[in-house]
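Engineer: Sending over start-v7.cif (mmCIF, C-alpha atoms).
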```cif
data_coords
loop_
_atom_site.label_atom_id
_atom_site.label_comp_id
_atom_site.auth_asym_id
_atom_site.auth_seq_id
_atom_site.Cartn_x
_atom_site.Cartn_y
_atom_site.Cartn_z
CA MET A 1 -21.39 67.12 -19.30
CA LYS A 2 -19.57 64.78 -16.97
CA GLY A 3 -19.62 60.96 -17.11
CA LEU A 4 -18.37 58.11 -19.19
CA THR A 5 -19.00 57.59 -22.84
CA LEU A 6 -20.24 54.31 -24.28
CA VAL A 7 -16.81 53.59 -25.76
CA GLU A 8 -15.10 54.11 -22.38
CA MET A 9 -17.61 51.76 -20.71
CA LEU A 10 -16.97 49.07 -23.35
CA ILE A 11 -13.20 49.37 -22.88
CA VAL A 12 -13.49 49.05 -19.08
CA THR A 13 -15.88 46.10 -19.40
CA ALA A 14 -13.57 44.31 -21.89
CA ALA A 15 -10.55 44.86 -19.62
CA ALA A 16 -12.46 43.51 -16.60
CA LEU A 17 -13.58 40.50 -18.63
CA ILE A 18 -10.01 39.73 -19.73
CA VAL A 19 -8.71 39.99 -16.14
CA GLY A 20 -11.57 37.75 -14.93
CA VAL A 21 -10.83 35.07 -17.54
CA MET A 22 -7.14 35.14 -16.60
CA LEU A 23 -7.98 34.71 -12.89
CA VAL A 24 -10.35 31.78 -13.55
CA THR A 25 -7.71 30.09 -15.77
CA LEU A 26 -5.09 30.55 -13.05
CA LEU A 27 -7.37 29.08 -10.37
CA VAL A 28 -8.34 26.06 -12.51
CA ASN A 29 -4.70 25.29 -13.36
CA ASN A 30 -3.61 25.57 -9.73
CA SER A 31 -6.41 23.35 -8.44
CA GLY A 32 -5.40 20.67 -10.99
CA PHE A 33 -1.78 20.95 -9.83
CA PHE A 34 -2.91 20.71 -6.19
CA TYR A 35 -4.99 17.59 -6.95
CA LYS A 36 -2.04 15.94 -8.73
CA GLN A 37 0.37 16.69 -5.86
CA SER A 38 -2.15 15.51 -3.25
CA SER A 39 -2.63 12.27 -5.17
CA ILE A 40 1.13 11.69 -5.33
CA ILE A 41 1.44 12.27 -1.57
CA ASP A 42 -1.51 9.96 -0.76
CA GLN A 43 -0.21 7.18 -3.00
CA GLY A 44 3.31 7.57 -1.58
CA LEU A 45 1.96 7.26 1.95
CA SER A 46 -0.05 4.21 0.93
CA LEU A 47 3.06 2.61 -0.57
CA ASN A 48 5.29 3.34 2.42
CA GLU A 49 2.72 2.41 5.08
CA GLY A 50 1.85 -0.84 3.30
CA LEU A 51 5.49 -1.85 2.98
CA GLN A 52 6.18 -0.95 6.63
CA GLU A 53 3.26 -3.10 7.84
CA ILE A 54 4.47 -6.09 5.80
CA ASP A 55 8.04 -5.52 7.04
CA LYS A 56 6.88 -5.41 10.69
CA ASN A 57 5.06 -8.73 10.34
CA ILE A 58 8.01 -10.43 8.61
CA ARG A 59 10.30 -9.36 11.48
CA GLN A 60 7.92 -10.99 13.99
CA ALA A 61 7.60 -14.28 12.06
CA VAL A 62 9.60 -17.40 12.87
CA LYS A 63 9.23 -18.76 9.34
CA VAL A 64 7.38 -18.56 6.07
CA ALA A 65 4.62 -21.18 6.22
CA VAL A 66 3.71 -23.28 3.18
CA GLY A 67 0.06 -22.37 3.73
CA TYR A 68 -2.72 -21.59 6.16
CA PRO A 69 -4.29 -23.62 7.65
CA GLU A 70 -1.41 -26.08 7.40
CA ASP A 71 -3.53 -29.25 7.09
CA SER A 72 -5.77 -27.99 4.22
CA PRO A 73 -4.58 -24.53 3.09
CA LEU A 74 -6.97 -21.82 1.99
CA TYR A 75 -3.91 -19.61 1.43
CA THR A 76 -0.68 -20.95 -0.08
CA THR A 77 2.65 -19.13 -0.08
CA SER A 78 3.68 -18.05 -3.58
CA SER A 79 5.21 -15.10 -5.40
CA GLN A 80 1.98 -13.14 -4.77
CA THR A 81 0.89 -14.55 -1.39
CA LEU A 82 2.90 -14.51 1.82
CA VAL A 83 1.91 -16.76 4.74
CA LEU A 84 3.88 -16.10 7.93
CA LYS A 85 4.07 -18.32 11.01
CA MET A 86 4.16 -16.10 14.10
CA PRO A 87 4.72 -17.06 17.75
CA ALA A 88 1.40 -17.03 19.62
CA LEU A 89 1.20 -14.44 22.37
CA GLY A 90 0.08 -15.27 25.90
CA PRO A 91 -0.93 -12.74 28.55
CA SER A 92 2.69 -12.16 29.59
CA GLU A 93 4.93 -14.15 27.24
CA VAL A 94 5.13 -16.15 24.02
CA ILE A 95 3.29 -19.50 24.11
CA SER A 96 5.78 -22.22 23.12
CA ASP A 97 4.96 -24.48 20.15
CA THR A 98 1.79 -22.48 19.39
CA TYR A 99 1.49 -20.23 16.34
CA ASP A 100 -0.59 -17.47 14.81
CA TYR A 101 -0.60 -16.89 11.06
CA THR A 102 -0.46 -13.73 8.98
CA VAL A 103 -1.43 -13.73 5.31
CA VAL A 104 -0.59 -10.93 2.87
CA ASN A 105 -2.30 -11.32 -0.49
CA ILE A 106 -4.34 -9.71 -3.23
CA ASP A 107 -8.01 -9.48 -2.29
CA ALA A 108 -10.09 -12.20 -3.97
CA ALA A 109 -12.95 -9.83 -4.85
CA GLU A 110 -10.94 -6.77 -5.95
CA ASP A 111 -7.48 -7.13 -7.52
CA LYS A 112 -6.48 -3.52 -6.69
CA ILE A 113 -6.69 -4.23 -2.93
CA LEU A 114 -3.74 -5.64 -0.99
CA ARG A 115 -4.90 -7.18 2.27
CA LEU A 116 -3.11 -8.31 5.44
CA GLN A 117 -5.03 -10.82 7.58
CA VAL A 118 -4.10 -12.16 11.00
CA PHE A 119 -5.42 -15.57 12.08
CA PRO A 120 -4.62 -16.08 15.78
CA ASN A 121 -4.50 -19.43 17.54
CA PRO A 122 -7.41 -19.77 20.02
CA LEU A 123 -4.86 -19.73 22.90
CA SER A 124 -3.24 -16.51 21.69
CA THR A 125 -4.05 -12.99 22.87
CA ARG A 126 -3.21 -11.62 19.41
CA LYS A 127 -6.30 -10.07 17.79
CA SER A 128 -7.80 -11.30 14.53
CA GLN A 129 -7.33 -8.64 11.87
CA SER A 130 -8.16 -7.86 8.25
CA LEU A 131 -6.30 -4.75 7.14
CA VAL A 132 -6.37 -3.10 3.70
CA LEU A 133 -2.79 -2.03 2.91
CA THR A 134 -3.61 -0.28 -0.36
CA LYS A 135 -6.56 0.17 -2.70
CA ALA A 136 -4.35 1.07 -5.66
CA LEU A 137 -2.32 -2.13 -6.11
CA SER A 138 -0.58 -2.64 -9.41
CA SER A 139 1.54 -5.66 -8.41
CA ILE A 140 3.09 -7.45 -5.44
CA THR A 141 5.98 -9.89 -5.61
CA PHE A 142 7.49 -11.94 -2.79
CA ASN A 143 10.91 -13.54 -3.26
CA TYR A 144 12.25 -15.94 -0.66
CA LEU A 145 15.97 -15.69 0.12
CA ASP A 146 18.59 -17.36 2.30
CA ASN A 147 21.31 -15.53 4.27
CA ASN A 148 23.41 -15.22 1.09
CA ASP A 149 20.55 -13.48 -0.78
CA THR A 150 20.06 -16.56 -2.96
CA VAL A 151 16.51 -17.40 -4.01
CA VAL A 152 15.29 -20.53 -2.15
CA SER A 153 11.99 -22.25 -1.51
CA ALA A 154 9.73 -20.35 0.87
CA ASN A 155 9.81 -22.90 3.72
CA ILE A 156 13.62 -22.58 4.16
CA ALA A 157 13.87 -18.82 3.59
CA THR A 158 15.52 -16.60 6.18
CA GLN A 159 14.64 -13.36 4.37
CA VAL A 160 11.72 -12.12 2.30
CA GLU A 161 12.07 -9.58 -0.50
CA VAL A 162 8.90 -7.58 -1.11
CA ILE A 163 8.38 -5.57 -4.30
CA LEU A 164 5.23 -3.46 -4.12
CA SER A 165 3.90 -1.33 -7.00
CA ILE A 166 0.87 0.90 -6.79
CA LEU A 167 -1.05 2.71 -9.50
CA GLU A 168 -1.08 6.47 -9.24
CA ASN A 169 -4.06 8.27 -10.78
CA ASN A 170 -3.17 11.84 -11.67
CA GLY A 171 -6.24 12.93 -13.57
CA PRO A 172 -6.09 11.69 -17.16
CA GLN A 173 -2.59 10.22 -16.72
CA SER A 174 -1.62 7.21 -14.62
CA SER A 175 1.80 6.15 -13.44
CA PHE A 176 3.30 3.55 -11.12
CA ARG A 177 5.28 3.88 -7.91
CA THR A 178 7.36 0.93 -6.77
CA SER A 179 9.20 0.21 -3.56
CA LYS A 180 11.28 -2.78 -2.49
CA ALA A 181 12.43 -4.11 0.87
CA VAL A 182 14.38 -7.17 2.02
CA THR A 183 13.56 -8.19 5.60
CA SER A 184 14.96 -10.96 7.76
CA LEU A 185 12.67 -13.32 9.66
CA ARG A 186 12.88 -13.47 13.43
CA ASN A 187 14.76 -16.80 13.48
#
```
Have the structure of the file written as structure tokens, please.
Structural biologist:
Amino acid sequence: MKGLTLVEMLIVTAAALIVGVMLVTLLVNNSGFFYKQSSIIDQGLSLNEGLQEIDKNIRQAVKVAVGYPEDSPLYTTSSQTLVLKMPALGPSEVISDTYDYTVVNIDAAEDKILRLQVFPNPLSTRKSQSLVLTKALSSITFNYLDNNDTVVSANIATQVEVILSILENNGPQSSFRTSKAVTSLRN
């Protein structure tokens, strides 16, 4: 009589079951690792892109403004809010004695959102903008410096130090990523 006995079938089934469990465990562990690495990359890009956008706007600014609008500020420069005074742009050149304003601050409705807003002068060709820099903000700090890297009041600063921290969610664990830049104003 040819064929497999019941014992042989049970052994083959048990071996197949063990191999299957090992493969499922391997796949689950690797997908968790992939998710964690993807999250780290996404948060790193968010951190770098946000800092680069702030840096670009600081380089274009002629000074740090006390607030915007200047006569009755809705936004006031502080350690968590940056108000930049930018030269207004005409069709072919800068419009003298006319300014646009850029505000970088924590969103009023959601404290994990860092927002950059551009408020152009009506004569300017610069576009109004409201840009989310990150949705995973942990903290933002602006320090106002002179040419000797000494902390000064914002309205006489020639450099701005930006310290940006974002929250990284890696499944059940969270961690922070921080980056810092010191950028000189256009003046």
Engineer: With only C-alpha atoms as the basis for distance, which of A:Leu74, A:Ala136, A:Leu82, A:Ala61 is at the shortest distance from Asp100 of chain A?
Structural biologist: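 Answer, going by the shortest atom-to-atom distance: A:Ala61.
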Engineer: With only C-alpha atoms as the counted atoms, please give the residues lying no more than 6 Å from Thr141 of chain A, apart from itself and same-chain residues fewer than 5 positions off, as a ChimeraX atom specification.
Structural biologist: /A:79-80,162-163
Engineer: Can you work out which one of A:Ser165, A:Asn148, A:Gln117, A:Ser96 has the shortest atom-to-atom distance to Tyr68 of chain A, counting only C-alpha atoms?
Structural biologist: A:Gln117
Engineer: Grab the atom CA of Pro91 of chain A to atom CA of Ser130 of chain A distance for me, in Å with one decimal place.
Structural biologist: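 Value for the atom CA of Pro91 of chain A-atom CA of Ser130 of chain A distance: 22.1 Å.
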Engineer: In Å, how far is it from atom CA of Leu116 of chain A to atom CA of Asp71 of chain A?
Structural biologist: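 Distance between the two atoms: 21.0 Å.
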Engineer: Please indicate the distance in Å from atom CA of Val104 of chain A to atom CA of Ile54 of chain A, rounded to one decimal place.
Structural biologist: 7.6 Å
Engineer: Once the PyMOL selection byres ((chain A and resi 57) around 12) is applied to the coordinates I shared, what remains selected? I want it as a PyMOL selection string.
Structural biologist: chain A and resi 50-56+58-64+82-87+100-104+116-118+160+183-186
Engineer: Starting from the displayed file, determine the output of the PyMOL selection byres ((chain A and resi 181) around 6) and express the residue list as a PDB file with C-alpha atoms, keeping the file's coordinate frame.
Structural biologist:
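What ended up in expr-v3.pdb:
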```
ATOM      1  CA  GLU A 161      12.070  -9.580  -0.500  1.00  0.00           C
ATOM      2  CA  VAL A 162       8.900  -7.580  -1.110  1.00  0.00           C
ATOM      3  CA  LYS A 180      11.280  -2.780  -2.490  1.00  0.00           C
ATOM      4  CA  VAL A 182      14.380  -7.170   2.020  1.00  0.00           C
TER       5      VAL A 182
END
```
Engineer: So which residues touch Ile106 of chain A within 12 Å, counting all atoms listed in the file, skipping near sequence neighbours fewer than 4 positions away, as a ChimeraX atom specification?
Structural biologist: /A:75,78-82,110-117,131-141,164
Engineer: For the residues selected in the previous step, produce a file with C-alpha atoms as a tab-separated table (two decimals), in the coordinates of the input.
Structural biologist:
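The result, written out as part12.tsv:
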```tsv
chain	number	residue	atom	x	y	z
A	75	TYR	CA	-3.91	-19.61	1.43
A	78	SER	CA	3.68	-18.05	-3.58
A	79	SER	CA	5.21	-15.10	-5.40
A	80	GLN	CA	1.98	-13.14	-4.77
A	81	THR	CA	0.89	-14.55	-1.39
A	82	LEU	CA	2.90	-14.51	1.82
A	110	GLU	CA	-10.94	-6.77	-5.95
A	111	ASP	CA	-7.48	-7.13	-7.52
A	112	LYS	CA	-6.48	-3.52	-6.69
A	113	ILE	CA	-6.69	-4.23	-2.93
A	114	LEU	CA	-3.74	-5.64	-0.99
A	115	ARG	CA	-4.90	-7.18	2.27
A	116	LEU	CA	-3.11	-8.31	5.44
A	117	GLN	CA	-5.03	-10.82	7.58
A	131	LEU	CA	-6.30	-4.75	7.14
A	132	VAL	CA	-6.37	-3.10	3.70
A	133	LEU	CA	-2.79	-2.03	2.91
A	134	THR	CA	-3.61	-0.28	-0.36
A	135	LYS	CA	-6.56	0.17	-2.70
A	136	ALA	CA	-4.35	1.07	-5.66
A	137	LEU	CA	-2.32	-2.13	-6.11
A	138	SER	CA	-0.58	-2.64	-9.41
A	139	SER	CA	1.54	-5.66	-8.41
A	140	ILE	CA	3.09	-7.45	-5.44
A	141	THR	CA	5.98	-9.89	-5.61
A	164	LEU	CA	5.23	-3.46	-4.12
```
Engineer: Pick out the closest residue to Thr178 of chain A from this set: A:Asn48, A:Ala109, A:Ala65, A:Asp97. Count all atoms listed in the file.
Structural biologist: A:Asn48
Engineer: Considering only C-alpha atoms, can you say which of A:Val66, A:Ala14, A:Arg126, A:Thr76 comes closest to Ala154 of chain A?
Structural biologist: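 Of the candidates, the smallest distance to Ala154 of chain A is held by A:Val66.
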Engineer: Enumerate, as an mmCIF file with C-alpha atoms, in the coordinates of the input, the residues matched when the PyMOL selection byres ((chain A and resi 157) around 6) is run on the file above.
Structural biologist:
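File result.cif, as written:
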```
data_model
loop_
_atom_site.group_PDB
_atom_site.id
_atom_site.type_symbol
_atom_site.label_atom_id
_atom_site.label_comp_id
_atom_site.auth_asym_id
_atom_site.auth_seq_id
_atom_site.Cartn_x
_atom_site.Cartn_y
_atom_site.Cartn_z
ATOM 1 C CA TYR A 144 12.250 -15.940 -0.660
ATOM 2 C CA LEU A 145 15.970 -15.690 0.120
ATOM 3 C CA ASP A 146 18.590 -17.360 2.300
ATOM 4 C CA ALA A 154 9.730 -20.350 0.870
ATOM 5 C CA ASN A 155 9.810 -22.900 3.720
ATOM 6 C CA ILE A 156 13.620 -22.580 4.160
ATOM 7 C CA THR A 158 15.520 -16.600 6.180
ATOM 8 C CA GLN A 159 14.640 -13.360 4.370
#
```
Engineer: Output as AutoDock Vina command-line options the centre and edge lengths (Å, one decimal) of the box along x, y and z of the file that holds every listed atom of segment 134-153 of chain A after adding 4 Å on each side.
Structural biologist:
```
--center_x 8.4 --center_y -10.6 --center_z -2.6 --size_x 38.0 --size_y 31.3 --size_z 21.7
```
Engineer: With distances taken over only C-alpha atoms, which of A:Asn143, A:Asn121, A:Leu47, A:Val151 is nearest to Arg177 of chain A?
Structural biologist: A:Leu47
Engineer: Kindly indicate which residue among A:Ser124, A:Thr77, A:Ser72, A:Thr13 lies nearest to Leu89 of chain A, using all atoms listed in the file for the distances.
Structural biologist: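 Looking only at the distances to Leu89 of chain A, the closest residue turns out to be A:Ser124.
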Engineer: Filtering to N, CA and C atoms, could segment 45-78 of chain A of the supplied structure be written out as a short mmCIF file (atom, residue, chain, number, x, y, z; two decimals), in the first residue's frame?
Structural biologist:
```cif
data_model
loop_
_atom_site.label_atom_id
_atom_site.label_comp_id
_atom_site.auth_asym_id
_atom_site.auth_seq_id
_atom_site.Cartn_x
_atom_site.Cartn_y
_atom_site.Cartn_z
N LEU A 45 12.50 65.42 6.79
CA LEU A 45 12.23 66.31 5.67
C LEU A 45 11.41 67.51 6.13
N SER A 46 10.44 67.27 6.99
CA SER A 46 9.61 68.36 7.51
C SER A 46 10.47 69.36 8.27
N LEU A 47 11.38 68.87 9.08
CA LEU A 47 12.27 69.72 9.86
C LEU A 47 13.17 70.54 8.94
N ASN A 48 13.82 69.89 8.00
CA ASN A 48 14.75 70.59 7.10
C ASN A 48 14.03 71.58 6.19
N GLU A 49 12.91 71.16 5.60
CA GLU A 49 12.18 72.05 4.70
C GLU A 49 11.63 73.27 5.44
N GLY A 50 11.12 73.06 6.64
CA GLY A 50 10.60 74.17 7.44
C GLY A 50 11.70 75.17 7.78
N LEU A 51 12.84 74.66 8.21
CA LEU A 51 13.96 75.54 8.55
C LEU A 51 14.49 76.27 7.32
N GLN A 52 14.53 75.62 6.18
CA GLN A 52 14.99 76.26 4.94
C GLN A 52 14.04 77.38 4.52
N GLU A 53 12.75 77.18 4.66
CA GLU A 53 11.77 78.21 4.28
C GLU A 53 11.90 79.43 5.19
N ILE A 54 12.07 79.21 6.49
CA ILE A 54 12.27 80.33 7.42
C ILE A 54 13.56 81.05 7.08
N ASP A 55 14.63 80.30 6.84
CA ASP A 55 15.94 80.86 6.50
C ASP A 55 15.85 81.73 5.24
N LYS A 56 15.15 81.25 4.22
CA LYS A 56 15.00 82.00 2.96
C LYS A 56 14.32 83.34 3.20
N ASN A 57 13.28 83.35 4.03
CA ASN A 57 12.55 84.58 4.30
C ASN A 57 13.37 85.55 5.15
N ILE A 58 14.16 85.04 6.09
CA ILE A 58 15.03 85.92 6.89
C ILE A 58 16.04 86.61 5.98
N ARG A 59 16.62 85.87 5.05
CA ARG A 59 17.61 86.44 4.13
C ARG A 59 17.03 87.56 3.26
N GLN A 60 15.73 87.50 2.97
CA GLN A 60 15.09 88.52 2.14
C GLN A 60 14.65 89.74 2.95
N ALA A 61 14.58 89.62 4.26
CA ALA A 61 14.04 90.69 5.11
C ALA A 61 15.06 91.80 5.35
N VAL A 62 14.56 93.03 5.45
CA VAL A 62 15.43 94.16 5.77
C VAL A 62 15.56 94.35 7.28
N LYS A 63 14.54 93.89 8.03
CA LYS A 63 14.63 93.96 9.48
C LYS A 63 13.56 93.10 10.12
N VAL A 64 13.73 92.87 11.40
CA VAL A 64 12.70 92.20 12.19
C VAL A 64 11.76 93.31 12.65
N ALA A 65 10.49 93.19 12.31
CA ALA A 65 9.50 94.19 12.70
C ALA A 65 9.01 93.89 14.12
N VAL A 66 8.58 94.93 14.82
CA VAL A 66 8.04 94.76 16.17
C VAL A 66 6.73 93.99 16.09
N GLY A 67 5.94 94.26 15.05
CA GLY A 67 4.67 93.57 14.89
C GLY A 67 4.06 93.84 13.54
N TYR A 68 2.97 93.14 13.26
CA TYR A 68 2.21 93.35 12.03
C TYR A 68 0.73 93.33 12.34
N PRO A 69 -0.05 94.25 11.82
CA PRO A 69 0.36 95.53 11.22
C PRO A 69 1.04 96.42 12.28
N GLU A 70 1.86 97.34 11.80
CA GLU A 70 2.69 98.12 12.72
C GLU A 70 1.86 99.04 13.63
N ASP A 71 0.75 99.59 13.13
CA ASP A 71 -0.03 100.53 13.94
C ASP A 71 -0.84 99.84 15.04
N SER A 72 -1.40 98.68 14.80
CA SER A 72 -2.11 97.91 15.84
C SER A 72 -1.89 96.43 15.58
N PRO A 73 -0.76 95.89 16.09
CA PRO A 73 -0.33 94.53 15.73
C PRO A 73 -1.29 93.41 16.12
N LEU A 74 -1.53 92.53 15.17
CA LEU A 74 -2.19 91.26 15.44
C LEU A 74 -1.13 90.21 15.79
N TYR A 75 0.07 90.40 15.24
CA TYR A 75 1.21 89.52 15.49
C TYR A 75 2.34 90.38 16.04
N THR A 76 2.94 89.94 17.13
CA THR A 76 4.03 90.68 17.77
C THR A 76 5.26 89.78 17.83
N THR A 77 6.41 90.31 17.44
CA THR A 77 7.65 89.56 17.49
C THR A 77 7.97 89.17 18.93
N SER A 78 8.34 87.90 19.11
CA SER A 78 8.70 87.38 20.43
C SER A 78 9.63 86.19 20.24
#
```
